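File shown: structure_5.cif (mmCIF, C-alpha atoms).
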data_target
#
loop_
_atom_site.label_atom_id
_atom_site.label_comp_id
_atom_site.auth_asym_id
_atom_site.auth_seq_id
_atom_site.Cartn_x
_atom_site.Cartn_y
_atom_site.Cartn_z
CA MET A 1 -11.61 -45.79 -28.84
CA HIS A 2 -9.96 -48.38 -26.63
CA PHE A 3 -8.01 -47.33 -23.54
CA LEU A 4 -5.18 -49.52 -22.32
CA ASP A 5 -3.49 -49.20 -18.94
CA ASP A 6 -1.00 -46.76 -20.42
CA SER A 7 -3.37 -44.75 -22.65
CA LEU A 8 -3.62 -41.81 -20.25
CA LEU A 9 0.15 -41.39 -20.07
CA PRO A 10 0.88 -38.26 -22.12
CA GLU A 11 4.02 -39.71 -23.71
CA ASN A 12 1.79 -42.35 -25.35
CA GLN A 13 -0.79 -39.87 -26.67
CA GLN A 14 -0.71 -38.01 -29.95
CA LYS A 15 0.65 -34.52 -29.68
CA LEU A 16 -2.15 -32.06 -29.06
CA VAL A 17 -3.67 -30.35 -32.10
CA ILE A 18 -5.31 -27.03 -31.22
CA GLN A 19 -7.99 -25.72 -33.55
CA ALA A 20 -8.54 -21.97 -33.46
CA ALA A 21 -11.86 -20.41 -34.47
CA PRO A 22 -11.14 -16.66 -34.21
CA TYR A 23 -13.67 -15.28 -36.71
CA GLY A 24 -16.89 -15.53 -34.64
CA PRO A 25 -19.51 -15.50 -37.43
CA GLU A 26 -22.43 -15.13 -35.02
CA TRP A 27 -21.04 -11.98 -33.41
CA LEU A 28 -21.02 -8.36 -34.56
CA PRO A 29 -18.23 -5.81 -34.07
CA GLY A 30 -18.17 -4.78 -30.43
CA ASP A 31 -19.33 -8.17 -29.18
CA ALA A 32 -15.73 -9.31 -28.74
CA PRO A 33 -12.54 -7.25 -28.56
CA ASP A 34 -10.73 -9.33 -31.15
CA LEU A 35 -13.23 -9.77 -34.00
CA PRO A 36 -11.38 -9.16 -37.30
CA LEU A 37 -12.99 -6.80 -39.78
CA THR A 38 -10.51 -5.97 -42.55
CA MET A 39 -8.72 -8.64 -44.58
CA ASP A 40 -5.45 -7.67 -42.91
CA GLU A 41 -7.07 -8.26 -39.51
CA HIS A 42 -8.33 -11.66 -40.66
CA VAL A 43 -4.80 -12.66 -41.60
CA GLN A 44 -3.30 -11.25 -38.40
CA ALA A 45 -5.79 -13.23 -36.30
CA ALA A 46 -4.48 -16.42 -37.91
CA VAL A 47 -0.85 -15.42 -37.37
CA ASP A 48 -1.49 -14.60 -33.72
CA CYS A 49 -3.29 -17.88 -33.06
CA TYR A 50 -0.53 -19.84 -34.80
CA ASN A 51 2.17 -18.10 -32.78
CA ALA A 52 0.24 -18.97 -29.61
CA GLY A 53 0.19 -22.69 -30.48
CA ALA A 54 -2.78 -23.35 -32.79
CA THR A 55 -2.12 -25.41 -35.89
CA VAL A 56 -5.64 -25.70 -37.36
CA LEU A 57 -7.60 -22.60 -38.43
CA HIS A 58 -11.40 -22.65 -38.70
CA ILE A 59 -12.27 -19.99 -41.26
CA HIS A 60 -15.17 -17.60 -41.76
CA VAL A 61 -14.98 -14.17 -43.38
CA ARG A 62 -16.54 -10.86 -42.35
CA GLU A 63 -17.51 -7.96 -44.60
CA LEU A 64 -16.42 -4.42 -43.73
CA ASP A 65 -19.92 -3.67 -42.47
CA GLY A 66 -19.36 -6.33 -39.81
CA LYS A 67 -21.71 -8.97 -41.22
CA GLY A 68 -20.60 -12.49 -42.08
CA SER A 69 -19.57 -12.70 -45.71
CA LYS A 70 -21.36 -15.01 -48.11
CA ARG A 71 -19.04 -14.09 -51.01
CA LEU A 72 -16.79 -16.99 -52.01
CA SER A 73 -14.42 -14.50 -53.63
CA MET A 74 -13.53 -13.28 -50.15
CA PHE A 75 -12.81 -16.84 -49.04
CA ASN A 76 -10.53 -17.25 -52.07
CA GLU A 77 -8.67 -14.08 -51.16
CA LEU A 78 -8.29 -15.04 -47.51
CA VAL A 79 -7.12 -18.61 -48.21
CA GLY A 80 -4.58 -17.27 -50.69
CA ARG A 81 -3.18 -14.83 -48.16
CA LEU A 82 -3.19 -17.40 -45.37
CA ARG A 83 -1.14 -19.81 -47.50
CA GLN A 84 1.58 -17.16 -47.43
CA ALA A 85 1.15 -15.95 -43.84
CA VAL A 86 0.68 -19.31 -42.03
CA PRO A 87 1.85 -22.00 -44.47
CA ASP A 88 2.10 -24.66 -41.75
CA MET A 89 -1.51 -24.33 -40.55
CA VAL A 90 -4.29 -26.68 -41.61
CA LEU A 91 -6.84 -24.38 -43.28
CA GLN A 92 -10.39 -25.46 -42.51
CA ILE A 93 -13.37 -23.68 -44.05
CA GLY A 94 -16.56 -23.52 -41.98
CA GLY A 95 -19.10 -25.41 -44.05
CA SER A 96 -21.98 -23.05 -43.21
CA ILE A 97 -20.11 -20.19 -44.97
CA SER A 98 -22.17 -17.83 -42.78
CA PHE A 99 -25.41 -18.46 -40.94
CA ALA A 100 -25.65 -14.97 -39.41
CA PRO A 101 -28.93 -13.09 -39.95
CA GLU A 102 -28.85 -10.21 -42.41
CA GLY A 103 -30.21 -7.81 -39.80
CA GLU A 104 -32.50 -7.49 -36.80
CA GLY A 105 -35.69 -9.44 -37.35
CA ALA A 106 -34.13 -11.71 -39.98
CA GLY A 107 -33.60 -15.42 -39.47
CA ALA A 108 -30.29 -17.16 -38.86
CA GLU A 109 -30.09 -19.62 -41.73
CA TRP A 110 -27.65 -22.03 -43.28
CA LEU A 111 -27.14 -21.29 -46.95
CA SER A 112 -28.58 -23.46 -49.72
CA TYR A 113 -27.08 -26.80 -50.67
CA ASP A 114 -25.90 -25.44 -54.02
CA THR A 115 -24.10 -22.52 -52.38
CA ARG A 116 -22.36 -24.75 -49.84
CA HIS A 117 -21.32 -27.15 -52.61
CA MET A 118 -19.36 -24.27 -54.15
CA LEU A 119 -16.84 -24.53 -51.29
CA ALA A 120 -15.33 -27.42 -53.26
CA GLU A 121 -14.46 -24.89 -55.98
CA LEU A 122 -12.42 -22.51 -53.82
CA ASP A 123 -9.12 -21.48 -55.37
CA PRO A 124 -6.68 -21.91 -53.77
CA LYS A 125 -8.34 -24.89 -52.17
CA PRO A 126 -8.40 -25.31 -48.38
CA ASP A 127 -7.18 -28.44 -46.64
CA GLN A 128 -10.61 -29.14 -45.14
CA VAL A 129 -14.26 -28.13 -45.28
CA THR A 130 -16.42 -28.93 -42.26
CA ILE A 131 -19.50 -31.01 -42.95
CA ALA A 132 -22.58 -31.63 -40.85
CA ILE A 133 -24.44 -34.94 -41.09
CA ASN A 134 -28.24 -35.10 -40.68
CA THR A 135 -30.58 -32.14 -40.36
CA SER A 136 -31.11 -30.93 -36.79
CA GLN A 137 -32.02 -28.02 -34.59
CA MET A 138 -29.06 -25.68 -34.02
CA ASN A 139 -30.22 -23.51 -31.15
CA ILE A 140 -26.82 -22.14 -30.14
CA VAL A 141 -28.25 -20.04 -27.29
CA GLU A 142 -30.09 -22.82 -25.48
CA ILE A 143 -27.41 -23.39 -22.85
CA MET A 144 -25.96 -19.89 -22.91
CA THR A 145 -26.77 -17.76 -19.88
CA ALA A 146 -27.63 -14.09 -19.58
CA ASP A 147 -24.07 -13.56 -18.31
CA ASP A 148 -22.69 -15.25 -21.44
CA LEU A 149 -24.57 -12.87 -23.72
CA GLU A 150 -24.34 -9.69 -21.65
CA GLY A 151 -23.30 -6.74 -23.80
CA THR A 152 -23.47 -8.67 -27.10
CA SER A 153 -25.77 -8.31 -30.09
CA ILE A 154 -27.33 -11.71 -29.35
CA ALA A 155 -28.73 -10.28 -26.12
CA LYS A 156 -31.13 -8.26 -28.31
CA PRO A 157 -34.48 -10.09 -28.56
CA ASP A 158 -34.55 -10.25 -32.38
CA TYR A 159 -31.07 -11.71 -32.69
CA TYR A 160 -31.66 -14.07 -29.76
CA ARG A 161 -34.80 -15.47 -31.42
CA ALA A 162 -32.97 -15.80 -34.74
CA TYR A 163 -30.33 -18.06 -33.21
CA ARG A 164 -32.80 -19.85 -30.95
CA ASP A 165 -34.88 -20.90 -33.95
CA MET A 166 -32.05 -21.85 -36.31
CA TYR A 167 -31.95 -25.22 -38.05
CA LEU A 168 -29.01 -26.94 -39.70
CA GLU A 169 -30.03 -28.44 -43.04
CA ALA A 170 -27.81 -31.43 -43.87
CA GLY A 171 -29.83 -34.33 -45.18
CA PRO A 172 -28.62 -37.15 -47.45
CA GLU A 173 -29.27 -35.11 -50.58
CA PHE A 174 -26.69 -32.65 -49.30
CA TYR A 175 -23.99 -34.76 -47.69
CA LEU A 176 -23.81 -37.45 -50.38
CA GLU A 177 -23.18 -34.85 -53.07
CA HIS A 178 -20.92 -32.74 -50.86
CA LEU A 179 -18.66 -35.65 -49.96
CA ALA A 180 -18.35 -36.58 -53.64
CA ARG A 181 -17.42 -33.03 -54.63
CA LEU A 182 -14.85 -32.65 -51.87
CA ARG A 183 -13.27 -35.99 -52.80
CA ASP A 184 -13.11 -34.95 -56.46
CA LYS A 185 -11.20 -31.80 -55.50
CA GLY A 186 -8.92 -33.49 -52.95
CA ILE A 187 -10.37 -31.59 -49.99
CA GLN A 188 -10.75 -33.48 -46.71
CA PRO A 189 -14.17 -33.37 -45.03
CA HIS A 190 -14.02 -32.54 -41.35
CA PHE A 191 -17.12 -34.09 -39.79
CA GLN A 192 -18.99 -31.95 -37.24
CA LEU A 193 -20.93 -34.47 -35.13
CA ALA A 194 -22.93 -34.14 -31.96
CA THR A 195 -24.64 -37.47 -31.34
CA ILE A 196 -24.09 -41.18 -31.56
CA ALA A 197 -26.81 -41.29 -34.23
CA GLN A 198 -24.76 -38.97 -36.45
CA LEU A 199 -21.62 -41.01 -35.80
CA GLU A 200 -23.52 -44.15 -36.81
CA THR A 201 -24.63 -42.50 -40.06
CA VAL A 202 -20.98 -41.76 -40.87
CA GLU A 203 -20.06 -45.37 -40.09
CA ARG A 204 -22.74 -46.52 -42.54
CA LEU A 205 -21.27 -44.20 -45.19
CA ILE A 206 -17.91 -45.86 -44.59
CA ARG A 207 -19.21 -49.43 -44.55
CA SER A 208 -21.18 -48.87 -47.76
CA GLY A 209 -18.17 -47.42 -49.56
CA VAL A 210 -19.63 -43.92 -49.92
CA TYR A 211 -16.77 -42.43 -47.92
CA THR A 212 -13.25 -43.87 -48.06
CA GLY A 213 -10.82 -41.67 -46.19
CA PRO A 214 -9.57 -40.53 -42.80
CA LEU A 215 -12.22 -39.91 -40.13
CA VAL A 216 -11.43 -36.47 -38.71
CA LEU A 217 -14.23 -35.08 -36.58
CA ASN A 218 -15.38 -32.72 -33.85
CA TYR A 219 -17.66 -33.66 -30.97
CA VAL A 220 -19.87 -30.55 -30.89
CA ALA A 221 -21.26 -29.94 -27.40
CA ILE A 222 -23.23 -26.70 -27.75
CA GLY A 223 -26.75 -27.90 -26.85
CA GLY A 224 -29.93 -26.97 -28.65
CA GLY A 225 -30.13 -30.11 -30.80
CA PHE A 226 -26.44 -30.87 -30.45
CA ALA A 227 -24.70 -32.64 -27.58
CA GLY A 228 -24.82 -31.01 -24.18
CA ARG A 229 -22.17 -30.73 -21.51
CA HIS A 230 -22.68 -33.96 -19.57
CA PRO A 231 -19.26 -35.60 -19.19
CA ALA A 232 -20.79 -39.08 -19.51
CA ASP A 233 -22.06 -38.23 -23.00
CA LEU A 234 -18.60 -37.02 -23.98
CA ILE A 235 -17.00 -40.19 -22.65
CA GLU A 236 -19.51 -42.38 -24.49
CA PHE A 237 -18.86 -40.53 -27.75
CA VAL A 238 -15.12 -41.01 -27.26
CA ARG A 239 -15.69 -44.71 -26.54
CA ARG A 240 -17.77 -45.15 -29.71
CA THR A 241 -15.33 -43.27 -31.96
CA PRO A 242 -13.14 -45.65 -34.03
CA ASP A 243 -9.57 -46.10 -32.83
CA GLY A 244 -8.10 -44.66 -36.00
CA ALA A 245 -10.23 -41.51 -36.01
CA VAL A 246 -9.04 -38.05 -34.97
CA LEU A 247 -11.40 -36.51 -32.42
CA THR A 248 -11.55 -32.87 -31.32
CA ILE A 249 -13.74 -31.53 -28.52
CA GLU A 250 -15.83 -28.41 -29.20
CA ALA A 251 -18.04 -26.71 -26.60
CA SER A 252 -19.44 -23.25 -25.91
CA MET A 253 -18.79 -20.33 -23.60
CA ARG A 254 -17.18 -21.05 -20.22
CA ALA A 255 -17.69 -24.80 -20.65
CA VAL A 256 -15.02 -24.77 -23.37
CA ALA A 257 -12.08 -24.93 -20.96
CA PRO A 258 -13.36 -27.76 -18.69
CA MET A 259 -14.62 -29.86 -21.61
CA ASN A 260 -11.31 -29.40 -23.39
CA ALA A 261 -9.37 -30.21 -20.21
CA ILE A 262 -11.15 -33.58 -20.19
CA GLY A 263 -10.35 -34.00 -23.87
CA ILE A 264 -6.67 -33.21 -23.36
CA ALA A 265 -6.45 -35.74 -20.52
CA LEU A 266 -8.11 -38.41 -22.67
CA GLY A 267 -5.75 -37.89 -25.59
CA CYS A 268 -8.23 -36.05 -27.81
CA HIS A 269 -7.71 -32.65 -29.44
CA VAL A 270 -9.32 -29.26 -28.75
CA ARG A 271 -10.98 -26.25 -30.37
CA VAL A 272 -11.09 -22.73 -28.94
CA GLY A 273 -11.76 -19.19 -30.13
CA ASN A 274 -14.29 -16.40 -30.09
CA GLU A 275 -16.66 -18.37 -32.31
CA ASP A 276 -17.25 -20.63 -29.32
CA ASN A 277 -16.47 -18.54 -26.27
CA LEU A 278 -15.91 -14.94 -25.13
CA TRP A 279 -15.04 -15.48 -21.48
CA GLY A 280 -12.31 -16.58 -19.09
CA ARG A 281 -13.30 -16.26 -15.46
CA LYS A 282 -16.88 -15.13 -14.93
CA GLY A 283 -17.26 -11.59 -16.17
CA GLU A 284 -13.76 -11.42 -17.68
CA ARG A 285 -13.35 -11.31 -21.46
CA MET A 286 -10.91 -13.71 -23.09
CA THR A 287 -9.55 -13.39 -26.62
CA SER A 288 -9.01 -16.24 -29.06
CA VAL A 289 -5.24 -16.00 -28.55
CA GLN A 290 -5.64 -16.18 -24.77
CA GLN A 291 -7.81 -19.27 -25.18
CA VAL A 292 -5.13 -20.96 -27.30
CA GLU A 293 -2.55 -20.06 -24.66
CA GLN A 294 -4.80 -21.54 -21.97
CA MET A 295 -4.89 -24.87 -23.81
CA VAL A 296 -1.10 -24.84 -24.10
CA THR A 297 -0.88 -24.23 -20.34
CA ILE A 298 -3.28 -27.08 -19.50
CA ALA A 299 -1.46 -29.45 -21.84
CA ASP A 300 1.89 -28.48 -20.33
CA ALA A 301 0.55 -29.10 -16.81
CA LEU A 302 -0.50 -32.61 -17.89
CA GLY A 303 2.79 -33.25 -19.70
CA ARG A 304 1.24 -33.45 -23.17
CA ASP A 305 3.21 -32.04 -26.09
CA ILE A 306 1.77 -29.57 -28.61
CA ALA A 307 1.79 -30.57 -32.28
CA SER A 308 3.65 -28.45 -34.80
CA GLY A 309 1.95 -27.54 -38.06
CA ALA A 310 3.66 -30.37 -39.91
CA GLU A 311 2.72 -32.82 -37.14
CA ALA A 312 -0.90 -31.63 -37.19
CA LYS A 313 -1.11 -32.32 -40.93
CA GLU A 314 0.28 -35.80 -40.32
CA ILE A 315 -2.14 -36.48 -37.45
CA TYR A 316 -5.05 -35.23 -39.59
CA HIS A 317 -3.88 -37.34 -42.57
CA ILE A 318 -4.20 -34.32 -44.85
CA GLY A 319 -4.17 -35.33 -48.52
CA GLU A 320 -4.95 -39.01 -47.85
CA TYR A 321 -7.77 -41.08 -49.31
CA TYR A 322 -8.09 -44.87 -49.29
CA ALA A 323 -8.60 -47.31 -52.12
CA ASP A 324 -11.78 -49.00 -50.97
CA THR A 325 -14.05 -49.90 -48.07
CA GLU A 326 -11.79 -52.65 -46.77
CA GLU A 327 -8.73 -50.39 -46.57
CA THR A 328 -10.77 -47.64 -44.93
CA LEU A 329 -12.09 -49.98 -42.24
CA ALA A 330 -8.60 -51.32 -41.60
CA ARG A 331 -7.00 -47.86 -41.42
CA LEU A 332 -9.67 -46.67 -38.99
CA GLY A 333 -9.28 -49.74 -36.78
CA MET A 334 -12.81 -50.96 -37.48
CA VAL A 335 -13.85 -54.57 -37.89
CA PRO A 336 -14.59 -55.67 -41.48
CA ASN A 337 -18.07 -55.93 -42.90
CA ARG A 338 -19.94 -59.17 -42.41
CA ARG A 339 -19.60 -61.63 -45.27
CA PRO A 340 -22.75 -63.46 -46.49
CA GLY A 341 -23.64 -66.24 -44.07
CA GLN A 342 -21.03 -65.21 -41.51
CA ARG A 343 -22.27 -65.53 -37.92
CA GLY A 344 -21.13 -64.15 -34.61
CA PHE A 345 -19.39 -60.95 -33.62
CA MET A 346 -16.91 -59.61 -36.10
CA LEU A 347 -13.15 -59.77 -35.63
CA ARG A 348 -10.38 -58.04 -37.51
CA ASP A 349 -8.81 -60.26 -40.15
CA VAL A 350 -5.49 -61.52 -38.86
CA LYS A 351 -3.04 -63.85 -40.63
CA TYR A 352 -1.41 -66.31 -38.25
#
Before we go any further, please render this structure as structure tokens.
Amino acid sequence: MHFLDDSLLPENQQKLVIQAAPYGPEWLPGDAPDLPLTMDEHVQAAVDCYNAGATVLHIHVRELDGKGSKRLSMFNELVGRLRQAVPDMVLQIGGSISFAPEGEGAGAEWLSYDTRHMLAELDPKPDQVTIAINTSQMNIVEIMTADDLEGTSIAKPDYYRAYRDMYLEAGPEFYLEHLARLRDKGIQPHFQLATIAQLETVERLIRSGVYTGPLVLNYVAIGGGFAGRHPADLIEFVRRTPDGAVLTIEASMRAVAPMNAIGIALGCHVRVGNEDNLWGRKGERMTSVQQVEQMVTIADALGRDIASGAEAKEIYHIGEYYADTEETLARLGMVPNRRPGQRGFMLRDVKY
């Protein structure tokens, strides 16, 4: 992304889109005061986050026994109810479905490719499904501290090891098929990226014509195989992101607020919620709604407006796909592909 002299002025930035992730699939009841259990509580969590200022909802589902649900029928039911309860929100399904271990001593595992592909068959369909690119370690506890985990189920040795040793399986066999299925059903992929290497893979998918659509993505700074919390890495990822992309900052625990404050100042968007963080000040619990409210407060202090639901859908380009590679590159503000025999650095095609 290019920054002009006036790019940090809030009146020139997009209105802020706040993603809420209030379903905490890694946690068990009692880990957080606001984890929904019943379907009514799942719906109310969305309503509360929307009323606080969130316009994108990152969705997981929990069974009544407290474990993350792997039943797509429950996702169908929840999406259907959310369409009625929060019609203006962008509904985004978490592409892992649930990676939580089945019990103490079990591994934390992403579900099979075939199971994740079934997210394209949800009815009613969501606006987005998140998609990871390239297999990697996903050790979500690597940069969490003992204070972060105090009093939670992940503080137990078996659960801690399960999340420490988790891998995210997302090789080409998966993402090529998944992107095709989502496109066929008119569901937008929301790219969850952590490194420049992953961003470059997505650019190759665009330049080769595999993906032709809006580039809506999260920078995932949770450590353990993903990006860490170094501000220079965040800035470099922002710099390398195409001008026409939509970039949201995602971090973990008490780093969520400072990382998102940087993102708000830069003109990016933010994600909060108990899936990412349980804390406000050290030792003080913070609900998903309170985290949304905190982002609204920071944005207001900087003079940046909050997007409405309709504005969030416009910013995210929900429902859009592009005709071909050339249109995609142009819409994303990327230089065209090199033509045979063409030398030198590439420039955008301009008619004088």
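The closest residue to Gly24 of chain A, picked from A:Glu142, A:Glu203, A:Glu275, A:Glu121 and counting all atoms listed in the file, is A:Glu275.
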_Explicit residues for the PyMOL selection byres ((chain A and resi 8) around 12) (as number ranges by chain)_ = A: 2-7, 9-14, 262-268, 302-304
When the PyMOL selection byres ((chain A and resi 50) around 12) is applied to the file above, which residues end up in the set, as a tab-separated table (two decimals) with C-alpha atoms, keeping the file's coordinate frame?
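Resulting contents of selection-v3.tsv:
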chain	number	residue	atom	x	y	z
A	17	VAL	CA	-3.67	-30.35	-32.10
A	18	ILE	CA	-5.31	-27.03	-31.22
A	19	GLN	CA	-7.99	-25.72	-33.55
A	20	ALA	CA	-8.54	-21.97	-33.46
A	21	ALA	CA	-11.86	-20.41	-34.47
A	22	PRO	CA	-11.14	-16.66	-34.21
A	43	VAL	CA	-4.80	-12.66	-41.60
A	44	GLN	CA	-3.30	-11.25	-38.40
A	45	ALA	CA	-5.79	-13.23	-36.30
A	46	ALA	CA	-4.48	-16.42	-37.91
A	47	VAL	CA	-0.85	-15.42	-37.37
A	48	ASP	CA	-1.49	-14.60	-33.72
A	49	CYS	CA	-3.29	-17.88	-33.06
A	51	ASN	CA	2.17	-18.10	-32.78
A	52	ALA	CA	0.24	-18.97	-29.61
A	53	GLY	CA	0.19	-22.69	-30.48
A	54	ALA	CA	-2.78	-23.35	-32.79
A	55	THR	CA	-2.12	-25.41	-35.89
A	56	VAL	CA	-5.64	-25.70	-37.36
A	57	LEU	CA	-7.60	-22.60	-38.43
A	58	HIS	CA	-11.40	-22.65	-38.70
A	82	LEU	CA	-3.19	-17.40	-45.37
A	85	ALA	CA	1.15	-15.95	-43.84
A	86	VAL	CA	0.68	-19.31	-42.03
A	87	PRO	CA	1.85	-22.00	-44.47
A	88	ASP	CA	2.10	-24.66	-41.75
A	89	MET	CA	-1.51	-24.33	-40.55
A	90	VAL	CA	-4.29	-26.68	-41.61
A	91	LEU	CA	-6.84	-24.38	-43.28
A	288	SER	CA	-9.01	-16.24	-29.06
A	289	VAL	CA	-5.24	-16.00	-28.55
A	290	GLN	CA	-5.64	-16.18	-24.77
A	292	VAL	CA	-5.13	-20.96	-27.30
A	293	GLU	CA	-2.55	-20.06	-24.66
A	296	VAL	CA	-1.10	-24.84	-24.10
A	306	ILE	CA	1.77	-29.57	-28.61
A	307	ALA	CA	1.79	-30.57	-32.28
A	308	SER	CA	3.65	-28.45	-34.80
A	309	GLY	CA	1.95	-27.54	-38.06
Given the file shown, determine the residues that the PyMOL selection byres ((chain A and resi 205-213) around 12) selects; report them as an mmCIF file with C-alpha atoms, in the coordinates of the input.
data_model
loop_
_atom_site.group_PDB
_atom_site.id
_atom_site.type_symbol
_atom_site.label_atom_id
_atom_site.label_comp_id
_atom_site.auth_asym_id
_atom_site.auth_seq_id
_atom_site.Cartn_x
_atom_site.Cartn_y
_atom_site.Cartn_z
ATOM 1 C CA ILE A 133 -24.440 -34.940 -41.090
ATOM 2 C CA PRO A 172 -28.620 -37.150 -47.450
ATOM 3 C CA TYR A 175 -23.990 -34.760 -47.690
ATOM 4 C CA LEU A 176 -23.810 -37.450 -50.380
ATOM 5 C CA GLU A 177 -23.180 -34.850 -53.070
ATOM 6 C CA HIS A 178 -20.920 -32.740 -50.860
ATOM 7 C CA LEU A 179 -18.660 -35.650 -49.960
ATOM 8 C CA ALA A 180 -18.350 -36.580 -53.640
ATOM 9 C CA ARG A 181 -17.420 -33.030 -54.630
ATOM 10 C CA LEU A 182 -14.850 -32.650 -51.870
ATOM 11 C CA ARG A 183 -13.270 -35.990 -52.800
ATOM 12 C CA ASP A 184 -13.110 -34.950 -56.460
ATOM 13 C CA GLY A 186 -8.920 -33.490 -52.950
ATOM 14 C CA ILE A 187 -10.370 -31.590 -49.990
ATOM 15 C CA GLN A 188 -10.750 -33.480 -46.710
ATOM 16 C CA PRO A 189 -14.170 -33.370 -45.030
ATOM 17 C CA HIS A 190 -14.020 -32.540 -41.350
ATOM 18 C CA PHE A 191 -17.120 -34.090 -39.790
ATOM 19 C CA GLN A 198 -24.760 -38.970 -36.450
ATOM 20 C CA LEU A 199 -21.620 -41.010 -35.800
ATOM 21 C CA GLU A 200 -23.520 -44.150 -36.810
ATOM 22 C CA THR A 201 -24.630 -42.500 -40.060
ATOM 23 C CA VAL A 202 -20.980 -41.760 -40.870
ATOM 24 C CA GLU A 203 -20.060 -45.370 -40.090
ATOM 25 C CA ARG A 204 -22.740 -46.520 -42.540
ATOM 26 C CA PRO A 214 -9.570 -40.530 -42.800
ATOM 27 C CA LEU A 215 -12.220 -39.910 -40.130
ATOM 28 C CA VAL A 216 -11.430 -36.470 -38.710
ATOM 29 C CA PRO A 242 -13.140 -45.650 -34.030
ATOM 30 C CA GLY A 244 -8.100 -44.660 -36.000
ATOM 31 C CA ALA A 245 -10.230 -41.510 -36.010
ATOM 32 C CA VAL A 246 -9.040 -38.050 -34.970
ATOM 33 C CA TYR A 316 -5.050 -35.230 -39.590
ATOM 34 C CA HIS A 317 -3.880 -37.340 -42.570
ATOM 35 C CA ILE A 318 -4.200 -34.320 -44.850
ATOM 36 C CA GLY A 319 -4.170 -35.330 -48.520
ATOM 37 C CA GLU A 320 -4.950 -39.010 -47.850
ATOM 38 C CA TYR A 321 -7.770 -41.080 -49.310
ATOM 39 C CA TYR A 322 -8.090 -44.870 -49.290
ATOM 40 C CA ALA A 323 -8.600 -47.310 -52.120
ATOM 41 C CA ASP A 324 -11.780 -49.000 -50.970
ATOM 42 C CA THR A 325 -14.050 -49.900 -48.070
ATOM 43 C CA GLU A 326 -11.790 -52.650 -46.770
ATOM 44 C CA GLU A 327 -8.730 -50.390 -46.570
ATOM 45 C CA THR A 328 -10.770 -47.640 -44.930
ATOM 46 C CA LEU A 329 -12.090 -49.980 -42.240
ATOM 47 C CA ALA A 330 -8.600 -51.320 -41.600
ATOM 48 C CA ARG A 331 -7.000 -47.860 -41.420
ATOM 49 C CA LEU A 332 -9.670 -46.670 -38.990
ATOM 50 C CA MET A 334 -12.810 -50.960 -37.480
ATOM 51 C CA VAL A 335 -13.850 -54.570 -37.890
ATOM 52 C CA PRO A 336 -14.590 -55.670 -41.480
ATOM 53 C CA ASN A 337 -18.070 -55.930 -42.900
ATOM 54 C CA ARG A 338 -19.940 -59.170 -42.410
#
*List the residues sitting within 7 Å of (-22.7, -29.4, -46.7) in the file's frame, using all atoms listed in the file, as number ranges by chain.*
A: 95, 113, 116-117, 131-132, 170, 174-175, 178
*Out of A:Ile249, A:Ala146, A:Ala261, A:Leu111, which residue has the shortest atom-to-atom distance to Gly68 of chain A when counting only C-alpha atoms?*
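Closest to Gly68 of chain A of all the choices is A:Leu111.
Here atom CA of Ala251 of chain A and atom CA of Val61 of chain A stand 21.2 Å from one another.
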*asked:* Would you compute the distance between atom CA of Gly30 of chain A and atom CA of Ser96 of chain A? Give it in Å to one decimal.
replied: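 Atom-to-atom, atom CA of Gly30 of chain A to atom CA of Ser96 of chain A, that is 22.6 Å.
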Mind checking which residues fall within 12 Å of Asp276 of chain A, counting only C-alpha atoms, ignoring those fewer than 2 positions away in the same chain, and posting them as an mmCIF file with C-alpha atoms, in the frame of the given file?
data_model
loop_
_atom_site.group_PDB
_atom_site.id
_atom_site.type_symbol
_atom_site.label_atom_id
_atom_site.label_comp_id
_atom_site.auth_asym_id
_atom_site.auth_seq_id
_atom_site.Cartn_x
_atom_site.Cartn_y
_atom_site.Cartn_z
ATOM 1 C CA GLN A 19 -7.990 -25.720 -33.550
ATOM 2 C CA ALA A 20 -8.540 -21.970 -33.460
ATOM 3 C CA ALA A 21 -11.860 -20.410 -34.470
ATOM 4 C CA PRO A 22 -11.140 -16.660 -34.210
ATOM 5 C CA TYR A 23 -13.670 -15.280 -36.710
ATOM 6 C CA GLY A 24 -16.890 -15.530 -34.640
ATOM 7 C CA PRO A 25 -19.510 -15.500 -37.430
ATOM 8 C CA GLU A 26 -22.430 -15.130 -35.020
ATOM 9 C CA TRP A 27 -21.040 -11.980 -33.410
ATOM 10 C CA ALA A 32 -15.730 -9.310 -28.740
ATOM 11 C CA HIS A 58 -11.400 -22.650 -38.700
ATOM 12 C CA ILE A 140 -26.820 -22.140 -30.140
ATOM 13 C CA VAL A 141 -28.250 -20.040 -27.290
ATOM 14 C CA MET A 144 -25.960 -19.890 -22.910
ATOM 15 C CA ASP A 148 -22.690 -15.250 -21.440
ATOM 16 C CA VAL A 220 -19.870 -30.550 -30.890
ATOM 17 C CA ALA A 221 -21.260 -29.940 -27.400
ATOM 18 C CA ILE A 222 -23.230 -26.700 -27.750
ATOM 19 C CA ILE A 249 -13.740 -31.530 -28.520
ATOM 20 C CA GLU A 250 -15.830 -28.410 -29.200
ATOM 21 C CA ALA A 251 -18.040 -26.710 -26.600
ATOM 22 C CA SER A 252 -19.440 -23.250 -25.910
ATOM 23 C CA MET A 253 -18.790 -20.330 -23.600
ATOM 24 C CA ARG A 254 -17.180 -21.050 -20.220
ATOM 25 C CA ALA A 255 -17.690 -24.800 -20.650
ATOM 26 C CA VAL A 256 -15.020 -24.770 -23.370
ATOM 27 C CA ALA A 257 -12.080 -24.930 -20.960
ATOM 28 C CA VAL A 270 -9.320 -29.260 -28.750
ATOM 29 C CA ARG A 271 -10.980 -26.250 -30.370
ATOM 30 C CA VAL A 272 -11.090 -22.730 -28.940
ATOM 31 C CA GLY A 273 -11.760 -19.190 -30.130
ATOM 32 C CA ASN A 274 -14.290 -16.400 -30.090
ATOM 33 C CA LEU A 278 -15.910 -14.940 -25.130
ATOM 34 C CA TRP A 279 -15.040 -15.480 -21.480
ATOM 35 C CA MET A 286 -10.910 -13.710 -23.090
ATOM 36 C CA THR A 287 -9.550 -13.390 -26.620
ATOM 37 C CA SER A 288 -9.010 -16.240 -29.060
ATOM 38 C CA GLN A 291 -7.810 -19.270 -25.180
#
